[in-house]
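Novice: Contents are mmCIF, C-alpha atoms; file name my_file.cif:
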data_protein
#
loop_
_atom_site.label_atom_id
_atom_site.label_comp_id
_atom_site.auth_asym_id
_atom_site.auth_seq_id
_atom_site.Cartn_x
_atom_site.Cartn_y
_atom_site.Cartn_z
CA MET A 95 -50.35 17.87 -4.16
CA ASN A 96 -53.98 16.68 -4.08
CA ALA A 97 -55.52 14.01 -6.28
CA HIS A 98 -56.89 16.39 -8.88
CA GLU A 99 -53.51 18.06 -9.32
CA ALA A 100 -51.68 14.83 -10.11
CA THR A 101 -49.90 14.93 -13.45
CA ASP A 102 -48.52 12.13 -15.55
CA ARG A 103 -44.82 13.09 -15.68
CA THR A 104 -44.19 10.86 -18.70
CA THR A 105 -46.87 12.05 -21.09
CA GLY A 106 -47.55 15.51 -19.70
CA VAL A 107 -51.30 14.72 -19.71
CA SER A 108 -53.32 15.60 -16.59
CA GLU A 109 -54.28 12.43 -14.75
CA VAL A 110 -57.04 12.39 -12.15
CA VAL A 111 -56.32 9.86 -9.40
CA GLU A 112 -59.52 9.81 -7.44
CA GLU A 113 -59.33 9.23 -3.67
CA LEU A 114 -55.58 8.62 -3.81
CA PRO A 115 -52.73 11.00 -2.93
CA TRP A 116 -50.12 11.63 -5.58
CA ILE A 117 -46.79 10.03 -4.61
CA GLU A 118 -43.87 11.00 -6.81
CA ASP A 119 -41.49 8.28 -5.60
CA GLY A 120 -42.96 5.42 -3.57
CA GLY A 121 -39.49 4.18 -2.68
CA LYS A 122 -38.90 7.26 -0.54
CA VAL A 123 -41.98 6.71 1.65
CA ALA A 124 -41.06 5.75 5.21
CA PRO A 125 -42.00 2.15 6.15
CA LYS A 126 -44.48 3.29 8.80
CA ASP A 127 -46.25 5.60 6.33
CA ALA A 128 -46.05 2.91 3.64
CA ARG A 129 -48.12 0.54 5.78
CA GLU A 130 -50.93 3.08 6.15
CA LEU A 131 -50.82 4.19 2.53
CA SER A 132 -50.67 0.60 1.27
CA ARG A 133 -54.03 -0.15 2.89
CA LEU A 134 -55.53 2.90 1.20
CA PHE A 135 -54.08 2.00 -2.20
CA LEU A 136 -55.06 -1.69 -1.89
CA ASP A 137 -58.62 -0.70 -1.03
CA ARG A 138 -58.81 1.54 -4.09
CA LEU A 139 -57.09 -1.04 -6.33
CA GLU A 140 -59.97 -3.48 -5.78
CA THR A 141 -62.44 -1.06 -7.38
CA LEU A 142 -60.32 0.10 -10.30
CA GLU A 143 -60.53 -1.38 -13.77
CA GLU A 144 -57.39 -3.29 -14.69
CA GLY A 145 -55.42 -1.68 -17.49
CA THR A 146 -56.47 1.91 -16.77
CA ARG A 147 -53.87 4.56 -15.94
CA GLU A 148 -55.32 4.97 -12.47
CA TYR A 149 -55.01 1.22 -11.86
CA GLN A 150 -51.40 1.23 -13.06
CA TYR A 151 -50.57 4.21 -10.86
CA ALA A 152 -52.03 2.53 -7.78
CA ARG A 153 -50.35 -0.82 -8.47
CA ASN A 154 -46.94 0.62 -9.36
CA THR A 155 -46.95 2.88 -6.31
CA LEU A 156 -47.80 -0.09 -4.08
CA ILE A 157 -44.82 -1.97 -5.51
CA GLU A 158 -42.47 0.98 -4.95
CA MET A 159 -43.68 1.60 -1.39
CA ASN A 160 -43.17 -2.04 -0.39
CA LEU A 161 -39.81 -2.78 -1.98
CA SER A 162 -38.35 -2.52 1.53
CA LEU A 163 -40.14 -5.80 2.29
CA VAL A 164 -38.24 -7.42 -0.58
CA ALA A 165 -34.92 -6.06 0.70
CA PHE A 166 -35.75 -7.31 4.21
CA ALA A 167 -36.61 -10.81 3.00
CA ALA A 168 -33.65 -10.99 0.60
CA ARG A 169 -31.07 -10.31 3.32
CA ARG A 170 -31.43 -13.80 4.73
CA PHE A 171 -30.39 -15.24 1.37
CA ARG A 172 -27.35 -13.04 0.74
CA ASN A 173 -24.87 -15.84 1.45
CA ARG A 174 -26.89 -18.60 -0.20
CA GLY A 175 -25.09 -20.45 -2.99
CA ASN A 176 -24.15 -18.39 -6.05
CA GLY A 177 -27.23 -16.17 -5.92
CA ASP A 178 -26.47 -12.61 -6.97
CA MET A 179 -28.21 -10.08 -4.70
CA GLU A 180 -29.61 -8.20 -7.68
CA ASP A 181 -31.18 -11.40 -9.00
CA ILE A 182 -32.61 -12.19 -5.57
CA ILE A 183 -34.19 -8.73 -5.34
CA GLN A 184 -35.74 -9.12 -8.79
CA VAL A 185 -37.18 -12.51 -7.93
CA GLY A 186 -38.44 -11.22 -4.57
CA THR A 187 -40.15 -8.35 -6.37
CA ILE A 188 -42.08 -10.89 -8.43
CA GLY A 189 -43.32 -12.37 -5.16
CA LEU A 190 -44.34 -8.90 -3.98
CA ILE A 191 -46.31 -8.28 -7.18
CA LYS A 192 -48.12 -11.60 -6.77
CA ALA A 193 -48.99 -10.67 -3.20
CA ILE A 194 -50.42 -7.31 -4.33
CA ASP A 195 -52.49 -8.95 -7.04
CA ARG A 196 -53.88 -11.62 -4.68
CA PHE A 197 -54.39 -9.63 -1.49
CA ASP A 198 -57.92 -9.46 -0.13
CA LEU A 199 -58.72 -6.74 2.43
CA SER A 200 -61.72 -8.67 3.69
CA ARG A 201 -59.38 -11.19 5.34
CA GLU A 202 -58.36 -8.50 7.84
CA VAL A 203 -54.73 -9.51 7.58
CA GLU A 204 -51.88 -7.00 7.48
CA PHE A 205 -50.45 -6.73 4.00
CA THR A 206 -46.92 -7.12 5.39
CA SER A 207 -47.80 -10.48 6.97
CA PHE A 208 -49.42 -11.58 3.70
CA ALA A 209 -46.61 -10.42 1.39
CA ILE A 210 -43.52 -11.76 3.17
CA PRO A 211 -44.38 -15.47 2.58
CA TYR A 212 -44.96 -14.75 -1.11
CA ILE A 213 -41.62 -12.95 -1.41
CA VAL A 214 -39.67 -15.60 0.51
CA GLY A 215 -41.41 -18.39 -1.38
CA GLU A 216 -40.49 -16.90 -4.74
CA ILE A 217 -36.83 -16.52 -3.68
CA LYS A 218 -36.70 -20.10 -2.39
CA ARG A 219 -38.18 -21.34 -5.66
CA PHE A 220 -35.49 -19.40 -7.50
CA PHE A 221 -32.72 -21.14 -5.56
CA ARG A 222 -34.42 -24.51 -5.82
CA ASP A 223 -35.06 -24.45 -9.55
CA THR A 224 -32.55 -22.17 -11.24
CA THR A 225 -29.27 -21.86 -9.35
CA TRP A 226 -28.05 -25.44 -9.55
CA ALA A 227 -24.94 -25.68 -11.70
CA VAL A 228 -26.12 -29.07 -12.94
CA HIS A 229 -29.80 -29.91 -13.36
CA VAL A 230 -30.87 -32.15 -10.48
CA PRO A 231 -34.34 -33.68 -9.95
CA ARG A 232 -36.60 -31.83 -7.51
CA ARG A 233 -36.57 -34.81 -5.13
CA LEU A 234 -32.79 -34.62 -4.77
CA GLN A 235 -32.83 -30.83 -4.43
CA GLU A 236 -35.16 -31.18 -1.45
CA LEU A 237 -33.07 -34.03 -0.05
CA ARG A 238 -30.01 -31.80 -0.15
CA VAL A 239 -31.73 -29.30 2.15
CA ASN A 240 -32.69 -32.03 4.62
CA LEU A 241 -29.18 -33.48 4.49
CA ALA A 242 -27.62 -30.10 5.23
CA LYS A 243 -29.85 -29.63 8.29
CA SER A 244 -29.22 -33.17 9.53
CA GLN A 245 -25.46 -32.87 9.06
CA GLU A 246 -25.42 -29.70 11.13
CA THR A 247 -27.61 -31.21 13.87
CA LEU A 248 -25.65 -34.45 14.11
CA ALA A 249 -22.26 -32.74 13.90
CA THR A 250 -23.21 -30.61 16.90
CA ALA A 251 -24.45 -33.63 18.86
CA LEU A 252 -21.56 -35.95 17.94
CA ASN A 253 -18.84 -33.29 17.84
CA ARG A 254 -17.75 -34.73 14.48
CA PRO A 255 -19.12 -35.06 10.97
CA PRO A 256 -21.85 -37.74 10.82
CA THR A 257 -21.41 -40.93 8.79
CA VAL A 258 -23.68 -42.00 5.95
CA LYS A 259 -25.22 -44.64 8.23
CA GLU A 260 -25.97 -42.07 10.94
CA LEU A 261 -27.55 -39.72 8.39
CA ALA A 262 -29.65 -42.57 7.02
CA GLU A 263 -30.94 -43.45 10.50
CA HIS A 264 -31.63 -39.82 11.34
CA LEU A 265 -33.64 -39.22 8.14
CA ASP A 266 -35.14 -42.73 8.05
CA LEU A 267 -33.71 -43.34 4.58
CA SER A 268 -31.50 -46.00 3.05
CA GLU A 269 -27.76 -45.46 2.83
CA ASP A 270 -28.00 -45.56 -0.98
CA GLU A 271 -30.47 -42.65 -0.89
CA ILE A 272 -28.12 -40.67 1.37
CA ILE A 273 -25.18 -41.29 -0.97
CA GLU A 274 -27.30 -40.26 -3.95
CA GLY A 275 -28.27 -37.04 -2.17
CA LEU A 276 -24.67 -36.24 -1.23
CA ILE A 277 -23.53 -36.76 -4.83
CA ALA A 278 -26.38 -34.61 -6.15
CA ALA A 279 -25.44 -31.81 -3.75
CA ASN A 280 -22.22 -31.37 -5.74
CA GLY A 281 -24.35 -29.99 -8.56
CA TYR A 282 -25.36 -26.97 -6.46
CA VAL A 283 -22.16 -25.00 -7.05
CA ALA A 284 -19.82 -25.38 -10.02
CA GLY A 285 -16.10 -25.05 -9.48
CA SER A 286 -13.97 -23.08 -11.90
CA ILE A 287 -11.60 -25.01 -14.14
CA ASP A 288 -9.05 -22.30 -13.30
CA THR A 289 -9.03 -23.43 -9.64
CA PRO A 290 -5.63 -24.85 -8.60
CA GLY A 291 -5.83 -28.60 -8.18
CA GLY A 292 -3.06 -28.84 -5.62
CA ASP A 293 -2.84 -27.79 -1.98
CA GLU A 294 -5.99 -25.82 -1.09
CA GLU A 295 -4.19 -23.79 1.56
CA SER A 296 -1.29 -22.71 -0.60
CA GLY A 297 -3.40 -22.30 -3.72
CA GLU A 298 -0.53 -23.78 -5.72
CA GLY A 299 -0.44 -26.57 -8.23
CA PRO A 300 -1.68 -27.09 -11.77
CA LYS A 301 -5.14 -25.81 -12.65
CA TYR A 302 -7.88 -28.29 -13.44
CA ALA A 303 -7.95 -26.84 -16.96
CA ASP A 304 -4.34 -28.00 -17.41
CA ILE A 305 -5.02 -31.64 -16.55
CA ILE A 306 -8.53 -32.38 -17.79
CA GLY A 307 -8.95 -34.11 -21.13
CA ASP A 308 -9.86 -32.33 -24.33
CA VAL A 309 -11.38 -33.32 -27.64
CA ASP A 310 -8.74 -34.84 -29.91
CA PRO A 311 -8.91 -32.95 -33.23
CA ALA A 312 -7.78 -36.12 -35.03
CA MET A 313 -10.79 -38.11 -33.76
CA ASP A 314 -13.10 -36.89 -36.52
CA LEU A 315 -10.50 -37.80 -39.13
CA PHE A 316 -10.13 -41.27 -37.63
CA GLU A 317 -13.90 -41.83 -37.69
CA ASP A 318 -14.10 -40.67 -41.31
CA LEU A 319 -11.29 -42.99 -42.40
CA HIS A 320 -12.80 -45.87 -40.44
CA THR A 321 -16.11 -45.34 -42.24
CA LEU A 322 -14.40 -44.87 -45.61
CA ALA A 323 -12.42 -48.15 -45.52
CA PRO A 324 -15.27 -50.56 -46.44
CA LEU A 325 -16.43 -48.16 -49.17
CA LEU A 326 -12.99 -48.24 -50.78
CA HIS A 327 -13.10 -52.05 -50.85
CA LYS A 328 -16.31 -51.86 -52.90
CA LEU A 329 -14.62 -49.89 -55.69
CA ASP A 330 -13.32 -51.72 -58.74
CA GLU A 331 -9.57 -52.08 -59.26
CA ARG A 332 -9.19 -49.10 -61.60
CA GLU A 333 -11.14 -46.80 -59.28
CA ARG A 334 -9.03 -47.83 -56.27
CA THR A 335 -5.85 -47.32 -58.29
CA ILE A 336 -6.83 -43.81 -59.33
CA ILE A 337 -7.74 -42.89 -55.72
CA GLU A 338 -4.44 -44.32 -54.46
CA MET A 339 -2.39 -42.47 -57.09
CA ARG A 340 -4.24 -39.17 -56.59
CA PHE A 341 -4.42 -39.04 -52.81
CA GLY A 342 -1.89 -41.63 -51.65
CA GLN A 343 0.94 -40.75 -54.03
CA GLU A 344 -0.32 -37.17 -54.59
CA MET A 345 0.06 -37.48 -58.38
CA THR A 346 -1.55 -34.94 -60.67
CA GLN A 347 -4.35 -35.99 -63.01
CA ALA A 348 -1.98 -35.55 -65.96
CA ASP A 349 0.59 -37.89 -64.36
CA ILE A 350 -2.13 -40.48 -63.62
CA GLY A 351 -3.32 -40.27 -67.23
CA ARG A 352 0.17 -40.91 -68.58
CA GLU A 353 0.62 -43.82 -66.17
CA LEU A 354 -2.68 -45.44 -67.17
CA HIS A 355 -2.53 -44.38 -70.84
CA LEU A 356 -5.71 -42.30 -70.49
CA SER A 357 -6.41 -38.65 -71.18
CA GLN A 358 -6.40 -36.15 -68.31
CA MET A 359 -10.09 -35.37 -69.05
CA HIS A 360 -10.95 -39.06 -68.78
CA ILE A 361 -9.09 -39.31 -65.47
CA SER A 362 -10.94 -36.22 -64.20
CA ARG A 363 -14.34 -37.76 -65.06
CA LEU A 364 -13.42 -41.09 -63.43
CA LEU A 365 -12.10 -39.36 -60.33
CA ASN A 366 -15.19 -37.15 -59.94
CA ARG A 367 -17.48 -40.15 -60.41
CA THR A 368 -15.55 -42.20 -57.83
CA LEU A 369 -15.47 -39.38 -55.27
CA ALA A 370 -19.22 -38.84 -55.71
CA LYS A 371 -19.77 -42.55 -55.05
CA LEU A 372 -17.67 -42.39 -51.86
CA ARG A 373 -19.36 -39.18 -50.72
CA THR A 374 -22.81 -40.71 -51.14
CA GLY A 375 -21.72 -43.77 -49.19
CA LEU A 376 -20.42 -41.65 -46.31
CA LEU A 377 -23.64 -39.65 -46.10
CA ASP A 378 -25.74 -42.82 -46.09
CA THR A 379 -23.68 -44.45 -43.35
#
Would you mind writing the file's structure down as C-alpha cells?

Specialist:
Amino acid sequence: MNAHEATDRTTGVSEVVEELPWIEDGGKVAPKDARELSRLFLDRLETLEEGTREYQYARNTLIEMNLSLVAFAARRFRNRGNGDMEDIIQVGTIGLIKAIDRFDLSREVEFTSFAIPYIVGEIKRFFRDTTWAVHVPRRLQELRVNLAKSQETLATALNRPPTVKELAEHLDLSEDEIIEGLIAANGYVAGSIDTPGGDEESGEGPKYADIIGDVDPAMDLFEDLHTLAPLLHKLDERERTIIEMRFGQEMTQADIGRELHLSQMHISRLLNRTLAKLRTGLLDT
C-alpha cells in the first residue's frame, strides 16, 4: 500500500502519510528492516508538526518497530530483585520513547546505539527508585550495588565470604558505612510473613505471622482510662457518685434517683452534664 492509500483504521478517514510507507503493525517488521525504516521515519519525524495525525503515525510506528530493543535490554534484568517482566518492559518502553523524541540524525549515530542506553538507564532507575521494599536513601541504594560487586570479587579471591573489615578496605570506606550499607540492603526485598521461621531446608516451623506481635485491642481502652482518671478527680462528690453508680455499679437512672432522693429527670440532666464535661476534657487532652 503506498502513502496516498493509507487509511486510518480507527476513524475510517483517509489519511495521507507523505513520504512514508504505511505499516499496519510495526511489531511485525523484521529487525533488519526496522533499522532501515526507522531512519526514514526519524528523518520525516523531524519535519512534522507535533500533534498532527501524521506525526503520531510516524512516532507510534517507530515505537512499535523498535520494541525488540526493549525486549533485548530487558532480558538482562529478568532475574533482578522482584521486578516483574511486564513492568520492566513498560519502563524500558518509556526509555525508548525518550530516545525517539531526543534523537538527532545529524549526529550520524545509529538509532540502536543511541536508544539502548536510554532504555537500560530507565530500567536501572526503576530498580533503583521504585522496587525497594523499604524506602532507602539514594546513597545507600548505590552503596548496595558496590557492596554486591565487592562481595563477589573478594569471595572469588579469598574463596570465602569477605569480612566487614575487608569490604571496608576494598571500598575505602569505614566499617560503620559498610555495616550501614549491609543493613540497608535488607530493604531491597521484603520477606513474606507466611514464610516458615524454622529450618530453611525443611520449610517447617511456625510462620513469622504466628510469632510476631500484634496491636493489643485493649491498649486504646487503657489509654482512655489513663487520660480519664485525672478528669474524674476534678468532679465534685455528687458527680463522681453518680458516675460510679451508673457505670461502676450499672444502676439505672431510676435506681440512682431513689438512692439519692432525686427525680430520674434530675439524674439524667446531671449525668448528661457530667459526661459532657468529661468528653470535653478528653478532647482537649

Novice: Can you tell me, as a VMD selection string, what residues are no more than 12 Å from region 350-354 of chain A when counting all atoms listed in the file, ignoring any on the same chain fewer than 3 positions away?

Specialist: chain A and resid 332 to 333 335 to 341 343 to 347 357 to 365

Novice: What does the PyMOL selection byres ((chain A and resi 164-170) around 8) select in this file, as a PyMOL selection string?

Specialist: chain A and resi 160-163+171-173+179+182-183+186-187+190+210+213-214+217

Novice: Just how far from CA of Ala348 (chain A) is CA of His320 (chain A), in Å to one decimal?

Specialist: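 We find that CA of His320 (chain A) and CA of Ala348 (chain A) lie 29.6 Å from each other.
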
Novice: Have a look at A:Asp198, A:Asp330, A:Glu113, A:Glu271 and name the one nearest to Glu148 (chain A); count only C-alpha atoms.

Specialist: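 Using only C-alpha atoms, Glu148 (chain A) sits closest to A:Glu113.
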
Novice: Take the PyMOL selection byres ((chain A and resi 138-145) around 10), run it mentally on this structure, and tell me the resulting residues as a ChimeraX atom specification.

Specialist: /A:112-114,132-137,146-153,156,194-195,197-199

Novice: Can you spell out as a list of chain:residue names the set of residues that the PyMOL selection byres ((chain A and resi 129) around 10) selects in the structure I just provided?

Specialist: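 Applied to this file, the PyMOL selection byres ((chain A and resi 129) around 10) returns A:Val123, A:Ala124, A:Pro125, A:Lys126, A:Asp127, A:Ala128, A:Glu130, A:Leu131, A:Ser132, A:Arg133, A:Leu134, A:Leu156, A:Met159, A:Asn160, A:Glu204, A:Phe205, A:Thr206.
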
Novice: Neighbours of Ala262 (chain A) within 7 Å (only C-alpha atoms; same-chain residues fewer than 6 positions away dropped), as an NGL selection string?

Specialist: :A and (268-269 or 272)

Novice: For the atom pair CA of Asp378 (chain A) and CA of His327 (chain A), what is the interatomic distance in Å to one decimal place?

Specialist: 16.4 Å

Novice: Which distance in Å separates CA of Asp318 (chain A) and CA of Asn366 (chain A), to one decimal?

Specialist: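 Atom-to-atom, CA of Asp318 (chain A) to CA of Asn366 (chain A), that is 19.0 Å.
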
Novice: Which neighbours of Glu216 (chain A) fall inside 8 Å, counting all atoms listed in the file, when residues of the same chain fewer than 5 positions from it are skipped, and could you give them as a PyMOL selection string?

Specialist: chain A and resi 185-186+188-189

Novice: Residues within 12 Å of Ile273 (chain A), please, as a PyMOL selection string. Count all atoms listed in the file; anything in the same chain fewer than 4 positions from it doesn't count.

Specialist: chain A and resi 234+237-238+241+257-262+267-269+277-280

Novice: Could you check which of A:Pro115, A:Leu329, A:His355, A:Asp266 is closest to Arg367 (chain A), using all atoms listed in the file?

Specialist: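 Once distances to Arg367 (chain A) are computed over all atoms listed in the file, the minimum belongs to A:Leu329.
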